[in-house]
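Working notes for the structure below.
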Amino acid sequence: MNPANKARRLSRLSGPKIRDAWVLLAVLSMCILVMPCNVHGAELTARQILDEVEGTALLVGSGSAKIELITESKRGQQRSNTLQIYRKTDADDTEKQLLEYLQPADVAGTKLLSITKPDGKDSEIWLFMPALGKERRIAAQEMQTKFMGTDFTYEEISGTATYKEDYESKRLDDDTFDGHKCYVLQLTPKAKSEYTFVKMWVWQDESIPVRVEFYGRGDKLRKSLDTSGWKKNTKGKWEPSQVVMSDVLAGTKTIIKIMEASEADVPDEYFTVRYLRRR
């Protein structure tokens, strides 16, 4: 057989095998690319999930919003308050928030300023009450007391709770909440706390905590925080239209409804102690 015919015969014999090998290699490559995506969620640790959580503040990022804050008694009696919230996140990830009561008249002008550092250290909360005419800094031992008759503590209403820094995390079995597939985390405080542990349901697709449960002495459920009506703002950030904090033991609720929101930049002076006295 001449060399040319021999080469053509070898090409016909080996061609399908070479093509099959390439197809097999391509399929294996696709599997390698796809498999991590399918098992990624299963492999995530509690800490990694917590690292991705957007946070539990009322607003995300910078901007302002007008909210209705409703306190509900055990008997179902409600009191409505109107507040303005201003938020700003600095380049170093320091988060600043100012809450101001607009109505009713007996609490109008009351303001709460919180400045939260990325590591949770040296964070500040200041309260100004017009009746007193001066501001005061909330001491560390007051952080877990209730704010203005609501079911939120100062720490919770200001968004200064640092779950990543202050809690040990453990991943539990995944669950579904309000139609969202969720990771479920159990968080145990590293230091002395009014809670023995906290359970958090994190929306898998968006890394948003949609439910938080707070357990106290005897591992009994004390409070729960639920968010609903999630939608994206013009900057693509998810925001809830309603937040409900329920005190299971007391039988009370605090309901927060977002009335209107703006993403306009907020002046730095709003987040100063001096500004608290401005009317």
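Following the order of the structure tokens, first chain is A, next is B, and so on, with residues numbered from 1 inside each chain and ligands from 1 in the order they appear.
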
Which of segment 138-263 of chain A DSSP labels alpha helix (DSSP H), written as a ChimeraX atom specification
/A:154-158,163-166

Write out, as a CSV table (one decimal), in the first residue's frame, the residues just selected, with N, CA and C atoms.
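Written output follows (again-v4.csv):
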```
chain,number,residue,atom,x,y,z
A,154,TYR,N,-32.8,49.0,70.8
A,154,TYR,CA,-32.0,50.1,70.1
A,154,TYR,C,-31.0,49.4,69.1
A,155,GLU,N,-30.5,48.3,69.4
A,155,GLU,CA,-29.5,47.6,68.5
A,155,GLU,C,-30.2,47.2,67.2
A,156,GLU,N,-31.4,46.7,67.3
A,156,GLU,CA,-32.2,46.2,66.2
A,156,GLU,C,-32.7,47.3,65.3
A,157,ILE,N,-33.3,48.4,65.9
A,157,ILE,CA,-33.8,49.4,65.1
A,157,ILE,C,-32.8,50.2,64.4
A,158,SER,N,-31.6,50.3,64.9
A,158,SER,CA,-30.5,51.0,64.3
A,158,SER,C,-29.6,50.2,63.3
A,163,TYR,N,-24.0,40.3,63.4
A,163,TYR,CA,-24.1,38.9,63.6
A,163,TYR,C,-22.8,38.1,63.3
A,164,LYS,N,-22.1,38.7,62.3
A,164,LYS,CA,-20.9,38.0,61.9
A,164,LYS,C,-19.8,38.1,63.0
A,165,GLU,N,-19.8,39.2,63.7
A,165,GLU,CA,-18.8,39.4,64.7
A,165,GLU,C,-19.2,38.9,66.1
A,166,ASP,N,-20.4,39.0,66.4
A,166,ASP,CA,-20.9,38.7,67.8
A,166,ASP,C,-21.5,37.3,68.0
```

Let's see if you can do this: from backbone DSSP, list all strand (DSSP E or B) residues in segment 136-183 of chain A, as a PyMOL selection string. chain A and resi 136-137+146+153+167-177+180-183

Write out, as a PDB file, in the first residue's frame, the residues just selected, with N, CA and C atoms.
```pdb
ATOM      1  N   ARG A 136     -28.327  62.297  74.178  1.00  0.00           N
ATOM      2  CA  ARG A 136     -27.533  61.439  75.066  1.00  0.00           C
ATOM      3  C   ARG A 136     -27.134  60.183  74.310  1.00  0.00           C
ATOM      4  N   ARG A 137     -25.956  59.698  74.623  1.00  0.00           N
ATOM      5  CA  ARG A 137     -25.464  58.488  73.975  1.00  0.00           C
ATOM      6  C   ARG A 137     -26.037  57.266  74.683  1.00  0.00           C
ATOM      7  N   LYS A 146     -35.855  48.086  74.880  1.00  0.00           N
ATOM      8  CA  LYS A 146     -36.774  48.469  73.816  1.00  0.00           C
ATOM      9  C   LYS A 146     -36.721  49.963  73.512  1.00  0.00           C
ATOM     10  N   THR A 153     -35.250  46.538  69.823  1.00  0.00           N
ATOM     11  CA  THR A 153     -34.261  47.092  70.742  1.00  0.00           C
ATOM     12  C   THR A 153     -33.525  48.217  70.011  1.00  0.00           C
ATOM     13  N   TYR A 167     -21.642  36.562  66.904  1.00  0.00           N
ATOM     14  CA  TYR A 167     -22.300  35.262  67.018  1.00  0.00           C
ATOM     15  C   TYR A 167     -21.492  34.153  66.335  1.00  0.00           C
ATOM     16  N   GLU A 168     -21.516  32.959  66.945  1.00  0.00           N
ATOM     17  CA  GLU A 168     -21.004  31.760  66.285  1.00  0.00           C
ATOM     18  C   GLU A 168     -22.125  31.219  65.403  1.00  0.00           C
ATOM     19  N   SER A 169     -21.807  30.806  64.195  1.00  0.00           N
ATOM     20  CA  SER A 169     -22.846  30.378  63.264  1.00  0.00           C
ATOM     21  C   SER A 169     -22.774  28.891  62.943  1.00  0.00           C
ATOM     22  N   LYS A 170     -23.940  28.319  62.748  1.00  0.00           N
ATOM     23  CA  LYS A 170     -24.065  26.900  62.415  1.00  0.00           C
ATOM     24  C   LYS A 170     -25.160  26.763  61.368  1.00  0.00           C
ATOM     25  N   ARG A 171     -24.898  25.968  60.337  1.00  0.00           N
ATOM     26  CA  ARG A 171     -25.896  25.784  59.284  1.00  0.00           C
ATOM     27  C   ARG A 171     -26.823  24.623  59.628  1.00  0.00           C
ATOM     28  N   LEU A 172     -28.133  24.876  59.501  1.00  0.00           N
ATOM     29  CA  LEU A 172     -29.139  23.845  59.707  1.00  0.00           C
ATOM     30  C   LEU A 172     -29.687  23.396  58.351  1.00  0.00           C
ATOM     31  N   ASP A 173     -30.674  22.516  58.350  1.00  0.00           N
ATOM     32  CA  ASP A 173     -31.267  22.059  57.099  1.00  0.00           C
ATOM     33  C   ASP A 173     -31.954  23.214  56.382  1.00  0.00           C
ATOM     34  N   ASP A 174     -31.856  23.223  55.057  1.00  0.00           N
ATOM     35  CA  ASP A 174     -32.503  24.257  54.259  1.00  0.00           C
ATOM     36  C   ASP A 174     -34.022  24.177  54.430  1.00  0.00           C
ATOM     37  N   ASP A 175     -34.693  25.291  54.132  1.00  0.00           N
ATOM     38  CA  ASP A 175     -36.138  25.357  54.328  1.00  0.00           C
ATOM     39  C   ASP A 175     -36.710  26.309  53.282  1.00  0.00           C
ATOM     40  N   THR A 176     -38.036  26.388  53.230  1.00  0.00           N
ATOM     41  CA  THR A 176     -38.719  27.343  52.357  1.00  0.00           C
ATOM     42  C   THR A 176     -39.552  28.271  53.226  1.00  0.00           C
ATOM     43  N   PHE A 177     -39.431  29.566  52.973  1.00  0.00           N
ATOM     44  CA  PHE A 177     -40.214  30.547  53.728  1.00  0.00           C
ATOM     45  C   PHE A 177     -40.786  31.585  52.773  1.00  0.00           C
ATOM     46  N   HIS A 180     -39.737  31.402  49.246  1.00  0.00           N
ATOM     47  CA  HIS A 180     -38.317  31.505  48.918  1.00  0.00           C
ATOM     48  C   HIS A 180     -37.552  30.299  49.475  1.00  0.00           C
ATOM     49  N   LYS A 181     -36.689  29.721  48.668  1.00  0.00           N
ATOM     50  CA  LYS A 181     -35.792  28.691  49.179  1.00  0.00           C
ATOM     51  C   LYS A 181     -34.757  29.365  50.066  1.00  0.00           C
ATOM     52  N   CYS A 182     -34.592  28.851  51.271  1.00  0.00           N
ATOM     53  CA  CYS A 182     -33.756  29.538  52.252  1.00  0.00           C
ATOM     54  C   CYS A 182     -32.700  28.634  52.884  1.00  0.00           C
ATOM     55  N   TYR A 183     -31.545  29.227  53.137  1.00  0.00           N
ATOM     56  CA  TYR A 183     -30.591  28.627  54.060  1.00  0.00           C
ATOM     57  C   TYR A 183     -31.109  28.941  55.462  1.00  0.00           C
TER      58      TYR A 183
END
```

query: So which residues touch Tyr195 of chain A within 12 Å, counting only C-alpha atoms, skipping near sequence neighbours fewer than 6 positions away, as a ChimeraX atom specification?
result: /A:144,166-167,186-189,213-223

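The space separating atom CA of Asp151 of chain A from atom CA of Trp230 of chain A comes to 21.7 Å.
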
In terms of only C-alpha atoms, the residue from A:Leu69, A:Leu102, A:Glu206, A:Ala91 at minimal distance from Gly236 of chain A is A:Glu206
